[in-house]
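Structure file coords21.cif (mmCIF, C-alpha atoms and all ligand atoms) follows.
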```
data_target
#
loop_
_atom_site.group_PDB
_atom_site.id
_atom_site.type_symbol
_atom_site.label_atom_id
_atom_site.label_comp_id
_atom_site.auth_asym_id
_atom_site.auth_seq_id
_atom_site.Cartn_x
_atom_site.Cartn_y
_atom_site.Cartn_z
ATOM 1 C CA MET I 466 65.917 120.021 -20.882
ATOM 2 C CA ILE I 467 62.761 121.934 -19.954
ATOM 3 C CA THR I 468 62.298 122.001 -16.183
ATOM 4 C CA LYS I 469 59.880 124.821 -15.587
ATOM 5 C CA ALA I 470 57.037 126.781 -17.090
ATOM 6 C CA VAL I 471 55.014 129.843 -16.190
ATOM 7 C CA PHE I 472 51.237 130.277 -16.327
ATOM 8 C CA PRO I 473 50.481 134.005 -16.304
ATOM 9 C CA GLY I 474 47.107 135.642 -15.852
ATOM 10 C CA THR I 475 44.976 138.195 -14.097
ATOM 11 C CA PHE I 476 42.997 135.592 -12.114
ATOM 12 C CA ASP I 477 40.230 138.067 -11.194
ATOM 13 C CA PRO I 478 39.213 135.683 -9.729
ATOM 14 C CA ILE I 479 40.779 132.264 -10.276
ATOM 15 C CA THR I 480 38.143 129.878 -11.682
ATOM 16 C CA ASN I 481 37.998 126.107 -11.975
ATOM 17 C CA GLY I 482 38.997 126.609 -15.628
ATOM 18 C CA HIS I 483 42.315 128.087 -14.476
ATOM 19 C CA VAL I 484 42.600 125.321 -11.869
ATOM 20 C CA ASP I 485 42.139 122.679 -14.575
ATOM 21 C CA ILE I 486 44.881 124.200 -16.766
ATOM 22 C CA ILE I 487 47.236 124.548 -13.779
ATOM 23 C CA LYS I 488 46.766 120.894 -12.785
ATOM 24 C CA ARG I 489 47.385 119.722 -16.346
ATOM 25 C CA ALA I 490 50.508 121.902 -16.645
ATOM 26 C CA SER I 491 51.882 120.805 -13.276
ATOM 27 C CA ASP I 492 51.544 117.169 -14.416
ATOM 28 C CA ILE I 493 53.771 117.937 -17.400
ATOM 29 C CA PHE I 494 56.411 120.298 -15.997
ATOM 30 C CA PRO I 495 58.557 119.523 -12.926
ATOM 31 C CA LYS I 496 58.068 123.101 -11.752
ATOM 32 C CA LEU I 497 55.226 125.514 -12.509
ATOM 33 C CA MET I 498 55.214 129.197 -11.629
ATOM 34 C CA ILE I 499 51.845 130.936 -11.528
ATOM 35 C CA ALA I 500 52.389 134.612 -12.300
ATOM 36 C CA VAL I 501 49.550 136.844 -11.134
ATOM 37 C CA SER I 502 49.471 140.129 -13.043
ATOM 38 C CA GLU I 503 49.613 143.266 -10.905
ATOM 39 C CA SER I 504 47.551 145.208 -13.415
ATOM 40 C CA VAL I 505 43.886 144.461 -14.032
ATOM 41 C CA HIS I 506 41.367 145.159 -16.767
ATOM 42 C CA LYS I 507 38.480 147.577 -16.370
ATOM 43 C CA GLY I 508 35.747 146.404 -14.022
ATOM 44 C CA SER I 509 38.135 144.446 -11.804
ATOM 45 C CA ARG I 510 36.786 142.857 -8.663
ATOM 46 C CA PHE I 511 39.722 141.759 -6.490
ATOM 47 C CA ASN I 512 42.963 143.574 -5.692
ATOM 48 C CA LEU I 513 46.374 141.951 -6.176
ATOM 49 C CA ASP I 514 46.678 140.677 -2.592
ATOM 50 C CA GLU I 515 43.268 139.007 -2.799
ATOM 51 C CA ARG I 516 43.936 137.465 -6.216
ATOM 52 C CA LEU I 517 47.314 136.166 -5.028
ATOM 53 C CA ALA I 518 45.843 134.771 -1.806
ATOM 54 C CA PHE I 519 43.110 132.839 -3.658
ATOM 55 C CA VAL I 520 45.650 131.203 -5.986
ATOM 56 C CA LYS I 521 48.073 130.446 -3.131
ATOM 57 C CA MET I 522 45.335 128.866 -0.994
ATOM 58 C CA THR I 523 44.058 126.776 -3.887
ATOM 59 C CA PHE I 524 47.493 125.272 -4.566
ATOM 60 C CA SER I 525 49.032 125.208 -1.084
ATOM 61 C CA ASP I 526 49.372 121.391 -1.270
ATOM 62 C CA TYR I 527 51.277 121.396 -4.567
ATOM 63 C CA GLU I 528 55.022 121.259 -3.959
ATOM 64 C CA ASN I 529 55.958 121.958 -7.572
ATOM 65 C CA ILE I 530 53.817 125.099 -7.823
ATOM 66 C CA GLU I 531 55.073 128.563 -6.903
ATOM 67 C CA VAL I 532 52.729 131.555 -6.919
ATOM 68 C CA LEU I 533 54.061 135.078 -7.406
ATOM 69 C CA SER I 534 53.060 138.430 -8.835
ATOM 70 C CA PHE I 535 54.526 140.253 -11.801
ATOM 71 C CA SER I 536 54.358 143.620 -13.499
ATOM 72 C CA GLY I 537 55.750 144.751 -16.812
ATOM 73 C CA LEU I 538 56.546 142.530 -19.757
ATOM 74 C CA LEU I 539 56.083 138.814 -19.343
ATOM 75 C CA VAL I 540 59.181 138.090 -21.438
ATOM 76 C CA ASP I 541 61.213 140.108 -18.903
ATOM 77 C CA PHE I 542 59.719 137.988 -16.109
ATOM 78 C CA CYS I 543 60.750 134.892 -18.090
ATOM 79 C CA LYS I 544 64.301 136.162 -18.595
ATOM 80 C CA LYS I 545 64.666 137.085 -14.926
ATOM 81 C CA ASN I 546 63.393 133.683 -13.765
ATOM 82 C CA ASN I 547 65.071 131.680 -16.520
ATOM 83 C CA VAL I 548 61.741 130.304 -17.807
ATOM 84 C CA LYS I 549 61.420 129.369 -21.458
ATOM 85 C CA VAL I 550 57.864 128.002 -21.576
ATOM 86 C CA LEU I 551 54.747 130.106 -21.292
ATOM 87 C CA ILE I 552 51.451 128.264 -20.716
ATOM 88 C CA ARG I 553 48.142 129.688 -21.945
ATOM 89 C CA GLY I 554 44.676 128.145 -21.849
ATOM 90 C CA LEU I 555 42.779 127.700 -25.092
ATOM 91 C CA ARG I 556 39.001 127.491 -24.763
ATOM 92 C CA ASP I 557 37.683 128.304 -28.228
ATOM 93 C CA GLN I 558 38.312 130.113 -31.484
ATOM 94 C CA ALA I 559 38.052 133.506 -29.800
ATOM 95 C CA ASP I 560 40.909 132.526 -27.465
ATOM 96 C CA PHE I 561 42.851 131.188 -30.450
ATOM 97 C CA ALA I 562 42.539 134.484 -32.321
ATOM 98 C CA TYR I 563 43.689 136.515 -29.316
ATOM 99 C CA GLU I 564 46.271 134.107 -27.943
ATOM 100 C CA THR I 565 48.110 133.626 -31.242
ATOM 101 C CA LYS I 566 48.533 137.412 -31.559
ATOM 102 C CA LEU I 567 49.845 137.572 -28.010
ATOM 103 C CA ALA I 568 52.213 134.639 -28.609
ATOM 104 C CA THR I 569 53.499 136.221 -31.810
ATOM 105 C CA MET I 570 54.184 139.505 -30.023
ATOM 106 C CA ASN I 571 56.001 137.654 -27.244
ATOM 107 C CA GLN I 572 58.016 135.775 -29.879
ATOM 108 C CA VAL I 573 58.985 139.092 -31.476
ATOM 109 C CA LEU I 574 59.994 140.438 -28.057
ATOM 110 C CA SER I 575 61.917 137.301 -27.121
ATOM 111 C CA ASN I 576 62.497 134.419 -29.479
ATOM 112 C CA GLU I 577 63.667 132.274 -26.567
ATOM 113 C CA VAL I 578 60.224 131.913 -24.992
ATOM 114 C CA GLN I 579 57.835 129.299 -26.402
ATOM 115 C CA THR I 580 54.067 129.505 -25.869
ATOM 116 C CA VAL I 581 52.366 126.193 -25.142
ATOM 117 C CA TYR I 582 48.556 125.973 -25.231
ATOM 118 C CA ILE I 583 46.549 123.650 -23.033
ATOM 119 C CA GLN I 584 42.896 122.829 -23.607
ATOM 120 C CA PRO I 585 40.697 122.635 -20.502
ATOM 121 C CA ASP I 586 38.195 119.926 -19.662
ATOM 122 C CA ARG I 587 35.086 120.620 -21.751
ATOM 123 C CA LEU I 588 33.206 121.295 -18.491
ATOM 124 C CA TYR I 589 35.133 124.548 -18.148
ATOM 125 C CA ALA I 590 35.447 125.607 -21.779
ATOM 126 C CA PHE I 591 32.671 128.196 -21.356
ATOM 127 C CA LEU I 592 34.051 129.674 -18.147
ATOM 128 C CA SER I 593 35.749 133.049 -17.744
ATOM 129 C CA SER I 594 36.502 135.326 -14.795
ATOM 130 C CA THR I 595 34.351 138.012 -16.432
ATOM 131 C CA LEU I 596 31.331 135.700 -16.540
ATOM 132 C CA ILE I 597 31.942 134.655 -12.940
ATOM 133 C CA ARG I 598 31.981 138.299 -11.803
ATOM 134 C CA GLU I 599 28.773 139.020 -13.703
ATOM 135 C CA VAL I 600 26.897 136.016 -12.320
ATOM 136 C CA ALA I 601 28.178 136.775 -8.797
ATOM 137 C CA ASP I 602 26.873 140.343 -9.056
ATOM 138 C CA LEU I 603 23.434 138.930 -9.901
ATOM 139 C CA GLY I 604 23.507 136.477 -6.999
ATOM 140 C CA GLY I 605 23.898 133.255 -9.025
ATOM 141 C CA ASP I 606 25.210 130.048 -7.474
ATOM 142 C CA LEU I 607 28.833 129.460 -8.530
ATOM 143 C CA THR I 608 29.457 126.229 -6.641
ATOM 144 C CA GLY I 609 31.715 123.930 -8.666
ATOM 145 C CA LEU I 610 32.819 126.733 -10.971
ATOM 146 C CA VAL I 611 35.332 128.457 -8.681
ATOM 147 C CA PRO I 612 37.405 127.293 -5.681
ATOM 148 C CA GLU I 613 35.273 127.358 -2.516
ATOM 149 C CA ILE I 614 37.283 130.216 -0.972
ATOM 150 C CA VAL I 615 36.462 132.341 -4.038
ATOM 151 C CA ASN I 616 32.803 131.291 -3.922
ATOM 152 C CA GLN I 617 32.533 132.469 -0.307
ATOM 153 C CA SER I 618 34.322 135.768 -1.005
ATOM 154 C CA LEU I 619 32.045 136.537 -3.953
ATOM 155 C CA LYS I 620 29.039 136.208 -1.645
ATOM 156 C CA THR I 621 30.280 138.889 0.764
HETATM 157 P P1 LIG I 701 44.648 137.347 -18.914
HETATM 158 O O1 LIG I 701 44.279 138.738 -18.552
HETATM 159 O O2 LIG I 701 46.130 137.108 -18.973
HETATM 160 O O3 LIG I 701 43.928 136.795 -20.100
HETATM 161 P P2 LIG I 701 43.045 135.491 -17.342
HETATM 162 O O4 LIG I 701 43.127 135.226 -15.872
HETATM 163 O O5 LIG I 701 41.749 135.977 -17.889
HETATM 164 O O6 LIG I 701 44.216 136.535 -17.619
HETATM 165 O O7 LIG I 701 43.472 134.201 -18.150
HETATM 166 C C1 LIG I 701 44.725 133.594 -17.965
HETATM 167 C C2 LIG I 701 44.833 132.399 -18.894
HETATM 168 O O8 LIG I 701 43.882 131.423 -18.503
HETATM 169 C C3 LIG I 701 44.562 132.705 -20.361
HETATM 170 O O9 LIG I 701 45.420 131.916 -21.159
HETATM 171 C C4 LIG I 701 43.133 132.250 -20.544
HETATM 172 O O10 LIG I 701 42.885 131.858 -21.883
HETATM 173 C C5 LIG I 701 43.119 131.052 -19.617
HETATM 174 N N1 LIG I 701 41.774 130.715 -19.151
HETATM 175 C C6 LIG I 701 40.881 131.487 -18.512
HETATM 176 N N2 LIG I 701 39.736 130.813 -18.247
HETATM 177 C C7 LIG I 701 39.929 129.568 -18.761
HETATM 178 C C8 LIG I 701 39.106 128.399 -18.843
HETATM 179 N N3 LIG I 701 37.863 128.364 -18.384
HETATM 180 N N4 LIG I 701 39.636 127.321 -19.440
HETATM 181 C C9 LIG I 701 40.878 127.345 -19.941
HETATM 182 N N5 LIG I 701 41.699 128.405 -19.907
HETATM 183 C C10 LIG I 701 41.227 129.515 -19.322
#
```
Written as structure tokens, that's how I'd like the structure from this file.
Ligand code: ADP
Amino acid sequence: MITKAVFPGTFDPITNGHVDIIKRASDIFPKLMIAVSESVHKGSRFNLDERLAFVKMTFSDYENIEVLSFSGLLVDFCKKNNVKVLIRGLRDQADFAYETKLATMNQVLSNEVQTVYIQPDRLYAFLSSTLIREVADLGGDLTGLVPEIVNQSLKT
């Protein structure tokens, strides 16, 4: 029986799109681990401690959610933590093209781990951390698009 799943990501920063996927996943799986990647893409905004803190604060009331960091291969994280389900969010065809390649590579690396896709509420289907960082840099109002703690931090 499946008891837990992991939702991995960079979360630079966590957006309400991530939050939506996490809530949907935590309704399905008895236990959900959120794995915050230690490494970041170019043009990153928040360091690991900040990214972890934002996710932890956002889900502090959720007893079935555990937030931790990871480095290295995700399939190794899964093996170490005995997790067999990997959650990814699927916004559009661009995500589909990328995510299916990623899932196939993970399947090649470990046939034991299954990737499960979750579609966000349509309100968040356009949202990405990259877009949030860009709008924040230009002083746009991000209320309702990111957790309030992130909104405040982006203003400083
Ligand atoms: P990564 O570097 O692993 O892609 P991200 O933090 O950018 O890290 O994304 C983590 C996961 O969250 C990915 O599966 C991504 O498709 C998904 N995701 C990001 N933004 C949204 C959104 N607005 N709606 C649904 N899923 C999303």
**Message:** Residues near Leu596 (chain I), anyone? I mean within 12 Å using all atoms listed in the file, not counting same-chain ones fewer than 3 positions away, as a ChimeraX atom specification.
**Reply:** /I:477-480,482,508,510,589,591-593,599-603,605,607,610-611
**Message:** Can you spell out as a ChimeraX atom specification the set of residues that the PyMOL selection byres (((not hetatm)) within 10 of (chain I and resi 701)) selects in the structure I just provided?
**Reply:** /I:472-487,499-502,504-506,516,551-557,559-561,563-564,567,581-596,610
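With CA of Thr523 (chain I) on one side and CA of Ala562 (chain I) on the other, the separation reads 29.5 Å.
Minimum distance to Lys566 (chain I) across I:Thr580, I:Ser536, I:Thr621, I:Ser491 (counting all atoms listed in the file) occurs at I:Thr580.
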Quick one: apply the PyMOL selection byres (((chain I and resi 466) around 12) and not hetatm) to the file and drop the selected residues here as a short mmCIF file (atom, residue, chain, number, x, y, z; two decimals) with C-alpha atoms, in the coordinates of the input.
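Result file follows (selection-v7.cif):
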```cif
data_model
loop_
_atom_site.label_atom_id
_atom_site.label_comp_id
_atom_site.auth_asym_id
_atom_site.auth_seq_id
_atom_site.Cartn_x
_atom_site.Cartn_y
_atom_site.Cartn_z
CA ILE I 467 62.76 121.93 -19.95
CA THR I 468 62.30 122.00 -16.18
CA LYS I 469 59.88 124.82 -15.59
CA ALA I 470 57.04 126.78 -17.09
CA PHE I 494 56.41 120.30 -16.00
CA PRO I 495 58.56 119.52 -12.93
CA VAL I 548 61.74 130.30 -17.81
CA LYS I 549 61.42 129.37 -21.46
CA VAL I 550 57.86 128.00 -21.58
#
```
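When CA of Val578 (chain I) is paired with CA of Phe542 (chain I), their separation reads 10.8 Å.
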**Request:** Please indicate the distance in Å from CA of Leu539 (chain I) to CA of Val573 (chain I), rounded to one decimal place.
**Result:** 12.5 Å
Hey, can I get the axis-aligned box for region 577-580 of chain I? All listed atoms, 6 Å padding on each side, centre and edge lengths in Å to one decimal, as JSON.
```
{"center_x": 58.9, "center_y": 130.8, "center_z": -25.8, "size_x": 21.6, "size_y": 15.0, "size_z": 13.6}
```
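Take the candidates I:Leu538, I:Asn546, I:Asn512, I:Glu528 and check each one against Val471 (chain I) using all atoms listed in the file; the shortest distance goes to I:Asn546.
The smallest atom-to-atom distance between Asn547 (chain I) and any of I:Glu577, I:Leu619, I:Ser509, I:Asp514, using all atoms listed in the file, is found for I:Glu577.
Between Val540 (chain I) and the candidates I:Gln579, I:Ser525, I:Asn616, I:Gln558, the tightest atom-to-atom separation, counting all atoms listed in the file, involves I:Gln579.
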Restore N, CA and C atoms in region 579-591 of chain I and list the result as a PDB file, keeping the file's coordinate frame.
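selection_32.pdb, written as the output of this step:
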```
ATOM      1  N   GLN I 579      58.814 130.029 -25.588  1.00  0.00           N
ATOM      2  CA  GLN I 579      57.835 129.299 -26.402  1.00  0.00           C
ATOM      3  C   GLN I 579      56.479 129.302 -25.692  1.00  0.00           C
ATOM      4  N   THR I 580      55.415 129.575 -26.446  1.00  0.00           N
ATOM      5  CA  THR I 580      54.067 129.505 -25.869  1.00  0.00           C
ATOM      6  C   THR I 580      53.484 128.124 -26.111  1.00  0.00           C
ATOM      7  N   VAL I 581      52.992 127.517 -25.055  1.00  0.00           N
ATOM      8  CA  VAL I 581      52.366 126.193 -25.142  1.00  0.00           C
ATOM      9  C   VAL I 581      50.905 126.337 -24.712  1.00  0.00           C
ATOM     10  N   TYR I 582      49.983 125.864 -25.542  1.00  0.00           N
ATOM     11  CA  TYR I 582      48.556 125.973 -25.231  1.00  0.00           C
ATOM     12  C   TYR I 582      48.046 124.676 -24.618  1.00  0.00           C
ATOM     13  N   ILE I 583      47.182 124.822 -23.640  1.00  0.00           N
ATOM     14  CA  ILE I 583      46.549 123.650 -23.033  1.00  0.00           C
ATOM     15  C   ILE I 583      45.038 123.841 -23.087  1.00  0.00           C
ATOM     16  N   GLN I 584      44.358 122.786 -23.500  1.00  0.00           N
ATOM     17  CA  GLN I 584      42.896 122.829 -23.607  1.00  0.00           C
ATOM     18  C   GLN I 584      42.285 122.337 -22.291  1.00  0.00           C
ATOM     19  N   PRO I 585      41.305 123.069 -21.766  1.00  0.00           N
ATOM     20  CA  PRO I 585      40.697 122.635 -20.502  1.00  0.00           C
ATOM     21  C   PRO I 585      39.708 121.497 -20.711  1.00  0.00           C
ATOM     22  N   ASP I 586      39.320 120.863 -19.634  1.00  0.00           N
ATOM     23  CA  ASP I 586      38.195 119.926 -19.662  1.00  0.00           C
ATOM     24  C   ASP I 586      36.990 120.654 -20.261  1.00  0.00           C
ATOM     25  N   ARG I 587      36.210 119.959 -21.068  1.00  0.00           N
ATOM     26  CA  ARG I 587      35.086 120.620 -21.751  1.00  0.00           C
ATOM     27  C   ARG I 587      34.098 121.245 -20.763  1.00  0.00           C
ATOM     28  N   LEU I 588      34.100 120.748 -19.518  1.00  0.00           N
ATOM     29  CA  LEU I 588      33.206 121.295 -18.491  1.00  0.00           C
ATOM     30  C   LEU I 588      33.499 122.767 -18.213  1.00  0.00           C
ATOM     31  N   TYR I 589      34.735 123.182 -18.486  1.00  0.00           N
ATOM     32  CA  TYR I 589      35.133 124.548 -18.148  1.00  0.00           C
ATOM     33  C   TYR I 589      35.392 125.422 -19.372  1.00  0.00           C
ATOM     34  N   ALA I 590      35.101 124.889 -20.545  1.00  0.00           N
ATOM     35  CA  ALA I 590      35.447 125.607 -21.779  1.00  0.00           C
ATOM     36  C   ALA I 590      34.629 126.895 -21.950  1.00  0.00           C
ATOM     37  N   PHE I 591      33.537 127.012 -21.228  1.00  0.00           N
ATOM     38  CA  PHE I 591      32.671 128.196 -21.356  1.00  0.00           C
ATOM     39  C   PHE I 591      32.981 129.244 -20.292  1.00  0.00           C
TER      40      PHE I 591
END
```
